[in-house]
Amino acid sequence: MERIIKATENAFSPEANFINETIFHNANGYLGIRGALSEGTPEGCPSMRGIYLNGFYDIIPMPQAENLCHFVNEKETMLNVADTMTIRLFIDGEPLNMAKGKVLSHTRTLDMDRGITKRELTWENESGKQIELIETRMASFKEPSLFTMEYSARALNFNGQVEIKSYHITDVRNFSDPSDPRLASESRKNMYLLSLEKTDGCSVSVSETSVSGLRMCAAVSEETDFSGCGGNGIGDLLVGESEGVFSLRSDLKKNGRVTLRKYIVYTDSVRETDVKTAALSKMKAVRSHGLDFYYRAQEAFLKDFWNRSSLEVEGDDALNKATLFNMYVLLQSAPRDRFCSIAAKGLSGEGYEGHYFWDAETFVLPFFTMTQPEIAKAVLNYRYATLDKARENAALLGHKKGALFPWRTIGGRECSGYFVSGTAAYHIDADIAYAVVKYYQTTGDLDFIEEKGEEILLETARLFLDTGFFDRDGHFVINDVTGPDEYTCMVNNNYYTNCAAKFNLSWAVRLFRILENNGREKKVREKLKLSESELSEMEKASAAMLLLYDERLGINPQDDSFLQKPVWDFENTPAENYPLLLHYHPLNLYRYQVCKQADTVLSYFLYENEQSEEVMKRSFRYYEKITTHDSSLSTCIFSIVASRLGFKEEAYRYFGDSARMDLENLHHNSTFGAHTANMGGCYMAIVNGFARVRIDENGFSVSPELPDSWRKLTFHQVYRGSLLSLSADHEGTKVELLEGPDTEITVYGQKQRLSKGQCVYCKKV
Ligand code: BGC
């Protein structure tokens with residue numbers, strides 16, 4: 001299947017343009033460039049023009065109206081950095097403007113094998129002169145600091161002067177919308193220009209943030225190609241006070257073409273000590289390799305990526321394409337260094353201000369753990385690097401021990417202004433611990449556990465020990481926390497949180513014992529001054545954890561008081577009042593049984609052994625009726641759990657919503673960025689849902705049950721260093737070991753041993 005997404009229009013549509021800025025963004029885990037029109041968006045049309053560096057932020061005030069003790073008063077915010085994507089085109093002095101003249105054809109393409117976006121435009125200006133424009137953009141995976149643009153214009157029906165002006169604009173601001181809590185509420189200037197100069201033929205700017213004191217450098221260098229213009233041309237660079245402008249002028253003959261190539265390098269002081277020197281030295285290397293070298297490297301990188309994460313559904317091309325798009329955006333969002341993580345919107349927009357949430361570990365990481373474990377490791381390394389800040393956060397909240405990771409952050413500090421549905425979501429600790437355990441079970445990487453993983457597990461387990469207590473009946477209870485469902489906050493014994501804490505406590509001890517059996521526990525024991533009694537306390541708390549069960553309904557209540565509340569009046573809630581969070585005061589929502597997203601249902605996926613199938617089935621049916629899926633993190637989980645419980649039809653329906661969410665803007669806010677958690681969830685809905693892949697202490701098992709309309713599902717997985725190809729239809733499953741050491745896996749309950757090149761076929765039982 002061609003891994004290509006296309007959008008074609010014959011007239012300019014501001015709405016389509018806004019959403020296409022997200023769909024056709026370029027990113028490589030470090031740089032993110034919105035697919036905004038290079039010439040600028042016509043006046044009055046919505047646009048979020050932005051370029052972002054993962055992990056680069058400023059700190060802005062977040063004043064609390066009633067500033068109680070230890071409330072968070074500042075937050076980190078991802079910055080829009082120097083605009084280097086602007087290129088304007090003039091035909092005999094008249095600018096290209098999509099809202100004027102005639103758009104004869106306009107196609108945008110995302111090529112996920114070549115790692116580029118392409119814009120092909122044929123446009124006629126008001127004097128009837130037609131021009132063809134082809135623009136290719138790339139955020140290089142080979143050199144993450146590099147963004148390139150290739151801009152080529154052809155005179156279709158005239159001889160005349162064409163001017164292309166390529167900009168380096170340092171005065172930029174972030175997007176804001178005071179009416180939407182998911183966006184920054186005011187537009188601020190966060191970056192100050194320190195220098196802008198012409199050096200080594202490039203325009204080079206260095207800017208500094210106002211509060212965090214971080215620096216960034218942008219170096220821009222242009223290359224011209226007049227070989228096809230049929231006339232002549234010149235190009236020169238002028239650097240002013242706040243802008244660099246490279247102008248290319250050419251007298252084009254009819255059918256003549258001119259091309260501008262733009263190399264842009266970004267560096268920042270999160271990673272480099274001298275941002276300018278680093279940028280110039282990278283630029284030197286980039287220019288000496290040339291664009292074709294990076295195009296080839298991009299293809300080679302993606303060939304390897306798709307080989308390790310190959311996935312194909314036969315029988316549903318549209319869903320297949322949507323899924324590939326989701327996986328590609330995940331790759332674009334994921335870092336490969338320890339300085340950053342995966343933001344809720346990846347690098348595709350400013351929604352949630354570039355913050356990292358539990359989305360990264362719970363929803364996105366599994367895709368990487370199962371296909372590119374080194375990326376998963378980078379994300380876990382980032383969390384480890386922020387462990388000290390998590391310790392400080394825990395202390396601030398009155399804990400005597402342990403670490404509490406922030407609900408939302410960039411650099412590691414808590415950035416949630418509304419603690420009720422932010423900081424109180426203690427499950428984030430257990431979510432990170434869960435990701436560490438899954439990473440270990442999938443890769444067998446005990447080095448990571450010894451160096452970092454076990455420390456995370458023990459510190460998060462300590463936090464739960466410190467938060468909860470043994471009640472009069474001997475149950476371990478956890479009070480005043482918020483579970484995943486943000487329409488129900490500050491509750492006691494949230495079923496999901498308790499399951500997650502139980503796992504966290506128990507695995508902190510289990511992994512410690514594994515280290516001990518290998519003689520590798522000393523470092524962490526000494527560093528954390530860990531005692532045997534503390535370990536046995538963890539085991540005890542885990543075993544005694546209260547997991548609520550309601551005898552009357554035969555389900556797991558979401559928390560202590562959930563079932564006492566009346567059910568929300570869904571019948572009289574008009575369709576336009578969804579998402580509810582934009583129309584009802586939180587207190588109003590908290591007093592009813594209404595769920596924003598999968599909560600107890602999520603625990604049936606991650607902690608499925610805690611309940612019998614019958615209980616899970618009844619609960620699923622119960623929560624299905626009261627969940628609005630206002631959060632994008634919901635339908636994917638309902639799909640997975642439905643698959644596992646044998647509700648085939650529902651599994652497929654929920655999956656469809658999840659797979660197409662951004663491509664079809666189903667939540668009406670993909671304009672502000674893609675929903676990466678849902679994208680990861682969509683992958684899990686296929687692999688952990690339909691194919692029922694499970695990786696746990698018993699190893700790797702699979703028992704596919706495909707949706708009726710699919711003929712076949714083929715996908716690759718990386719398990720313990722071996723690359724497996726799995727291919728399932730309605731009769732059975734074929735597994736082949738493509739690369740790596742011998743391995744054992746379980747197919748429909750039967751153990752199979754495989755060596756390289758070997759293939760087994762198992763009939764469905
Ligand atoms: C969800 C959270 C999620 C956040 C960022 C919210 O709407 O309720 O679970 O972490 O979005 O995606």
# chains A, B, ... in the order shown; residues from 1 in each chain; ligands from 1
$ residues_around --residues "Glu414 (chain A)" --least-positions-apart "3" --cutoff "9 Å" --atoms "only C-alpha atoms" --output "list in words"
Val72, Glu74, Lys75, Glu76, Lys389, Ala390, Asn393, Phe405, Pro406, Trp407, Arg408, Thr409, Ile410, Gly411, Gly417, Gly422 and Thr423 of chain A
$ write_last_selection --atoms "C-alpha atoms" --output "short mmCIF file (atom, residue, chain, number, x, y, z; two decimals), in the first residue's frame"
data_model
loop_
_atom_site.label_atom_id
_atom_site.label_comp_id
_atom_site.auth_asym_id
_atom_site.auth_seq_id
_atom_site.Cartn_x
_atom_site.Cartn_y
_atom_site.Cartn_z
CA VAL A 72 1.48 26.42 41.07
CA GLU A 74 4.04 29.56 36.82
CA LYS A 75 4.04 27.18 33.95
CA GLU A 76 6.31 26.16 31.15
CA LYS A 389 11.96 17.45 40.26
CA ALA A 390 9.30 14.79 40.89
CA ASN A 393 6.98 18.00 43.77
CA PHE A 405 5.64 13.16 38.48
CA PRO A 406 3.84 16.28 37.26
CA TRP A 407 0.53 15.90 35.49
CA ARG A 408 1.67 18.20 32.70
CA THR A 409 5.12 19.58 32.08
CA ILE A 410 7.96 20.20 29.69
CA GLY A 411 11.06 20.55 31.83
CA GLY A 417 -3.07 25.26 37.10
CA GLY A 422 -4.22 17.91 37.26
CA THR A 423 -1.83 17.30 40.13
#
$ select_by_dssp --residues "region 256-456 of chain A" --states "strand (DSSP E)" --output "VMD selection string"
chain A and resid 257 to 268 311 to 314
$ write_last_selection --atoms "N, CA, C and O atoms" --output "mmCIF file, in the first residue's frame"
data_model
loop_
_atom_site.group_PDB
_atom_site.id
_atom_site.type_symbol
_atom_site.label_atom_id
_atom_site.label_comp_id
_atom_site.auth_asym_id
_atom_site.auth_seq_id
_atom_site.Cartn_x
_atom_site.Cartn_y
_atom_site.Cartn_z
ATOM 1 N N ARG A 257 11.661 27.884 -15.331
ATOM 2 C CA ARG A 257 11.484 27.558 -13.907
ATOM 3 C C ARG A 257 12.680 28.056 -13.080
ATOM 4 O O ARG A 257 13.820 28.004 -13.552
ATOM 5 N N VAL A 258 12.409 28.555 -11.912
ATOM 6 C CA VAL A 258 13.501 28.862 -10.976
ATOM 7 C C VAL A 258 13.262 28.088 -9.684
ATOM 8 O O VAL A 258 12.111 27.840 -9.312
ATOM 9 N N THR A 259 14.362 27.760 -9.033
ATOM 10 C CA THR A 259 14.231 26.975 -7.798
ATOM 11 C C THR A 259 15.082 27.583 -6.697
ATOM 12 O O THR A 259 16.216 28.005 -6.936
ATOM 13 N N LEU A 260 14.482 27.623 -5.516
ATOM 14 C CA LEU A 260 15.220 28.081 -4.346
ATOM 15 C C LEU A 260 15.274 26.915 -3.360
ATOM 16 O O LEU A 260 14.260 26.248 -3.139
ATOM 17 N N ARG A 261 16.451 26.667 -2.814
ATOM 18 C CA ARG A 261 16.550 25.641 -1.765
ATOM 19 C C ARG A 261 16.948 26.334 -0.474
ATOM 20 O O ARG A 261 17.840 27.182 -0.468
ATOM 21 N N LYS A 262 16.244 25.956 0.566
ATOM 22 C CA LYS A 262 16.473 26.651 1.834
ATOM 23 C C LYS A 262 16.861 25.614 2.886
ATOM 24 O O LYS A 262 16.128 24.652 3.106
ATOM 25 N N TYR A 263 18.017 25.824 3.490
ATOM 26 C CA TYR A 263 18.475 24.942 4.573
ATOM 27 C C TYR A 263 18.319 25.723 5.876
ATOM 28 O O TYR A 263 18.801 26.848 5.981
ATOM 29 N N ILE A 264 17.672 25.112 6.828
ATOM 30 C CA ILE A 264 17.445 25.810 8.097
ATOM 31 C C ILE A 264 17.901 24.900 9.232
ATOM 32 O O ILE A 264 17.487 23.743 9.304
ATOM 33 N N VAL A 265 18.754 25.446 10.075
ATOM 34 C CA VAL A 265 19.255 24.648 11.199
ATOM 35 C C VAL A 265 18.862 25.342 12.500
ATOM 36 O O VAL A 265 19.041 26.556 12.645
ATOM 37 N N TYR A 266 18.292 24.594 13.413
ATOM 38 C CA TYR A 266 17.946 25.134 14.741
ATOM 39 C C TYR A 266 18.774 24.427 15.814
ATOM 40 O O TYR A 266 18.962 23.203 15.755
ATOM 41 N N THR A 267 19.236 25.202 16.768
ATOM 42 C CA THR A 267 19.881 24.583 17.938
ATOM 43 C C THR A 267 19.364 25.289 19.186
ATOM 44 O O THR A 267 18.840 26.408 19.100
ATOM 45 N N ASP A 268 19.498 24.661 20.329
ATOM 46 C CA ASP A 268 19.036 25.305 21.563
ATOM 47 C C ASP A 268 19.964 24.958 22.718
ATOM 48 O O ASP A 268 20.719 23.981 22.655
ATOM 49 N N LEU A 311 2.611 -2.529 9.056
ATOM 50 C CA LEU A 311 1.258 -2.950 9.441
ATOM 51 C C LEU A 311 0.358 -2.820 8.222
ATOM 52 O O LEU A 311 0.355 -1.781 7.560
ATOM 53 N N GLU A 312 -0.353 -3.871 7.909
ATOM 54 C CA GLU A 312 -1.231 -3.801 6.745
ATOM 55 C C GLU A 312 -2.532 -4.537 7.007
ATOM 56 O O GLU A 312 -2.541 -5.680 7.435
ATOM 57 N N VAL A 313 -3.621 -3.846 6.731
ATOM 58 C CA VAL A 313 -4.945 -4.456 6.862
ATOM 59 C C VAL A 313 -5.469 -4.684 5.449
ATOM 60 O O VAL A 313 -5.561 -3.742 4.675
ATOM 61 N N GLU A 314 -5.761 -5.911 5.119
ATOM 62 C CA GLU A 314 -6.366 -6.174 3.804
ATOM 63 C C GLU A 314 -7.867 -6.187 3.984
ATOM 64 O O GLU A 314 -8.385 -6.906 4.826
#
$ select_by_dssp --residues "region 514-672 of chain A" --states "helix (DSSP H, G or I)" --output "PyMOL selection string"
chain A and resi 514-517+522-527+532-543+562-564+575-577+580-582+586-590+600-606+608-610+613-626+635-645+648-659+670-672
$ residues_around --residues "region 488-494 of chain A" --least-positions-apart "2" --cutoff "7 Å" --atoms "only C-alpha atoms" --output "list of chain:residue names"
A:Val420, A:Ser421, A:Ala424, A:Val477, A:Ile478, A:Asn479, A:Asp480, A:Val481, A:Thr482, A:Gly483, A:Asp485, A:Glu486, A:Tyr496, A:Thr497, A:Asn498, A:Gln558, A:Asp559, A:Asp560, A:Tyr590
$ write_last_selection --atoms "N, CA and C atoms" --output "tab-separated table (two decimals), in the first residue's frame"
chain	number	residue	atom	x	y	z
A	420	VAL	N	-7.19	20.03	40.73
A	420	VAL	CA	-8.25	19.04	40.91
A	420	VAL	C	-8.22	17.98	39.80
A	421	SER	N	-8.07	18.44	38.57
A	421	SER	CA	-7.97	17.43	37.50
A	421	SER	C	-6.55	17.38	36.94
A	424	ALA	N	-3.75	16.17	41.10
A	424	ALA	CA	-4.39	15.08	41.87
A	424	ALA	C	-4.44	13.76	41.10
A	477	VAL	N	-6.01	1.73	51.25
A	477	VAL	CA	-6.91	2.66	50.55
A	477	VAL	C	-6.15	3.92	50.13
A	478	ILE	N	-6.60	4.47	49.03
A	478	ILE	CA	-5.95	5.71	48.53
A	478	ILE	C	-7.05	6.76	48.35
A	479	ASN	N	-6.96	7.84	49.08
A	479	ASN	CA	-8.02	8.85	49.07
A	479	ASN	C	-7.61	10.13	48.34
A	480	ASP	N	-8.62	10.87	47.95
A	480	ASP	CA	-8.43	12.22	47.37
A	480	ASP	C	-7.50	12.25	46.17
A	481	VAL	N	-7.81	11.43	45.23
A	481	VAL	CA	-7.06	11.48	43.96
A	481	VAL	C	-8.06	11.55	42.81
A	482	THR	N	-7.53	11.85	41.65
A	482	THR	CA	-8.37	11.90	40.45
A	482	THR	C	-7.92	10.80	39.50
A	483	GLY	N	-8.87	10.04	39.02
A	483	GLY	CA	-8.54	8.98	38.06
A	483	GLY	C	-8.49	9.55	36.66
A	485	ASP	N	-10.72	9.70	34.35
A	485	ASP	CA	-11.93	10.42	33.95
A	485	ASP	C	-11.98	11.80	34.60
A	486	GLU	N	-11.81	12.83	33.79
A	486	GLU	CA	-11.74	14.19	34.34
A	486	GLU	C	-13.10	14.81	34.62
A	496	TYR	N	-9.29	2.51	38.95
A	496	TYR	CA	-8.11	2.48	38.06
A	496	TYR	C	-6.83	2.80	38.85
A	497	THR	N	-6.87	3.87	39.64
A	497	THR	CA	-5.67	4.28	40.36
A	497	THR	C	-5.22	3.17	41.32
A	498	ASN	N	-6.18	2.56	41.99
A	498	ASN	CA	-5.80	1.51	42.93
A	498	ASN	C	-5.19	0.31	42.22
A	558	GLN	N	-16.47	3.13	39.82
A	558	GLN	CA	-15.28	3.93	39.48
A	558	GLN	C	-14.55	4.43	40.74
A	559	ASP	N	-15.32	4.65	41.80
A	559	ASP	CA	-14.72	5.06	43.08
A	559	ASP	C	-15.75	4.86	44.18
A	560	ASP	N	-15.38	5.22	45.39
A	560	ASP	CA	-16.26	5.05	46.56
A	560	ASP	C	-17.67	5.60	46.39
A	590	TYR	N	-19.10	16.93	38.13
A	590	TYR	CA	-18.58	16.02	39.17
A	590	TYR	C	-19.71	15.33	39.95
$ residues_around --residues "region 636-640 of chain A" --least-positions-apart "5" --cutoff "9 Å" --atoms "only C-alpha atoms" --output "VMD selection string"
chain A and resid 597 to 598 601 to 602 605 620 624 645 647 to 648 650 to 659 678 to 690 692
$ atom_distance --atom1 "CA of Lys452 (chain A)" --atom2 "CA of Arg383 (chain A)"
9.6 Å
$ residues_around --residues "region 241-246 of chain A" --least-positions-apart "4" --cutoff "8 Å" --atoms "only C-alpha atoms" --output "PyMOL selection string"
chain A and resi 165-171+193+196+203+222+235-237
$ write_last_selection --atoms "C-alpha atoms" --output "mmCIF file, in the first residue's frame"
data_model
loop_
_atom_site.group_PDB
_atom_site.id
_atom_site.type_symbol
_atom_site.label_atom_id
_atom_site.label_comp_id
_atom_site.auth_asym_id
_atom_site.auth_seq_id
_atom_site.Cartn_x
_atom_site.Cartn_y
_atom_site.Cartn_z
ATOM 1 C CA LYS A 165 11.692 36.309 -1.163
ATOM 2 C CA SER A 166 12.808 33.938 1.521
ATOM 3 C CA TYR A 167 12.515 35.174 5.095
ATOM 4 C CA HIS A 168 14.071 34.611 8.485
ATOM 5 C CA ILE A 169 11.697 36.397 10.871
ATOM 6 C CA THR A 170 12.746 36.607 14.500
ATOM 7 C CA ASP A 171 9.802 38.511 15.948
ATOM 8 C CA LEU A 193 16.592 38.731 19.904
ATOM 9 C CA LEU A 196 21.012 38.699 13.910
ATOM 10 C CA SER A 203 21.479 34.674 8.264
ATOM 11 C CA GLU A 222 19.684 29.639 0.542
ATOM 12 C CA GLY A 235 19.948 36.180 -5.565
ATOM 13 C CA ASP A 236 21.177 38.129 -2.562
ATOM 14 C CA LEU A 237 20.823 38.171 1.196
#
$ closest_residue --among "A:Ser416, A:Lys102, A:Lys198, A:Thr467" --to "Met62 (chain A)" --atoms "only C-alpha atoms"
A:Ser416
$ residues_near_ligand --ligand "ligand 1" --cutoff "7 Å" --atoms "only C-alpha atoms and all ligand atoms" --output "number ranges by chain"
A: 344, 352, 357-359, 484-486, 596-597, 631-633, 675, 677
$ write_last_selection --atoms "C-alpha atoms" --output "CSV table (one decimal), in the first residue's frame"
chain,number,residue,atom,x,y,z
A,344,ALA,CA,-0.1,15.6,23.7
A,352,TYR,CA,-2.0,22.0,25.5
A,357,PHE,CA,1.1,14.1,30.1
A,358,TRP,CA,0.5,10.5,30.9
A,359,ASP,CA,-0.5,10.3,27.2
A,484,PRO,CA,-8.3,9.2,34.3
A,485,ASP,CA,-11.9,10.4,33.9
A,486,GLU,CA,-11.7,14.2,34.3
A,596,LYS,CA,-15.3,12.0,29.9
A,597,GLN,CA,-13.1,9.0,29.0
A,631,SER,CA,-11.5,13.1,25.5
A,632,SER,CA,-9.7,11.7,22.5
A,633,LEU,CA,-8.1,9.1,24.8
A,675,HIS,CA,-4.1,13.8,19.1
A,677,ALA,CA,-2.5,9.6,22.6
$ residues_around --residues "Val81 (chain A)" --least-positions-apart "6" --cutoff "10 Å" --atoms "only C-alpha atoms" --output "number ranges by chain"
A: 50-53, 56-57, 169-174, 190-191, 207, 216-218, 266
$ write_last_selection --atoms "C-alpha atoms" --output "PDB file, in the first residue's frame"
ATOM      1  CA  GLY A  50       4.489  27.897  14.140  1.00  0.00           C
ATOM      2  CA  ILE A  51       7.830  26.179  14.402  1.00  0.00           C
ATOM      3  CA  TYR A  52       8.613  24.335  17.636  1.00  0.00           C
ATOM      4  CA  LEU A  53      11.640  22.739  19.256  1.00  0.00           C
ATOM      5  CA  PHE A  56      12.429  24.236  24.489  1.00  0.00           C
ATOM      6  CA  TYR A  57      10.193  26.457  26.581  1.00  0.00           C
ATOM      7  CA  ILE A 169      11.697  36.397  10.871  1.00  0.00           C
ATOM      8  CA  THR A 170      12.746  36.607  14.500  1.00  0.00           C
ATOM      9  CA  ASP A 171       9.802  38.511  15.948  1.00  0.00           C
ATOM     10  CA  VAL A 172       7.213  35.802  16.575  1.00  0.00           C
ATOM     11  CA  ARG A 173       4.482  35.055  19.091  1.00  0.00           C
ATOM     12  CA  ASN A 174       2.513  32.057  20.212  1.00  0.00           C
ATOM     13  CA  ASN A 190       8.596  35.220  25.108  1.00  0.00           C
ATOM     14  CA  MET A 191      11.715  35.513  23.023  1.00  0.00           C
ATOM     15  CA  SER A 207      17.333  34.635  20.785  1.00  0.00           C
ATOM     16  CA  MET A 216      18.084  29.180  20.572  1.00  0.00           C
ATOM     17  CA  CYS A 217      19.767  29.796  17.283  1.00  0.00           C
ATOM     18  CA  ALA A 218      18.373  29.638  13.761  1.00  0.00           C
ATOM     19  CA  TYR A 266      17.946  25.134  14.741  1.00  0.00           C
TER      20      TYR A 266
END
$ closest_residue --among "A:Ile59, A:Leu183, A:Ala508, A:Leu713" --to "Thr671 (chain A)" --atoms "only C-alpha atoms"
A:Leu183
$ closest_residue --among "A:Ile695, A:Ile375, A:Met283, A:Leu156" --to "Cys229 (chain A)" --atoms "only C-alpha atoms"
A:Leu156
$ residues_around --residues "region 18-22 of chain A" --least-positions-apart "5" --cutoff "6 Å" --atoms "only C-alpha atoms" --output "NGL selection string"
:A and (34-36 or 47 or 348 or 671 or 673)
$ closest_residue --among "A:Asn26, A:Thr107, A:Gln441, A:Ser701" --to "Phe12 (chain A)" --atoms "only C-alpha atoms"
A:Thr107
$ atom_distance --atom1 "CA of Asn232 (chain A)" --atom2 "CA of Ile131 (chain A)"
17.6 Å
$ closest_residue --among "A:Ile87, A:Ala378, A:Met545, A:Val436" --to "Ala153 (chain A)" --atoms "only C-alpha atoms"
A:Ile87
$ closest_residue --among "A:Ser309, A:Ser531, A:Thr635, A:Ser221" --to "His716 (chain A)" --atoms "only C-alpha atoms"
A:Ser309
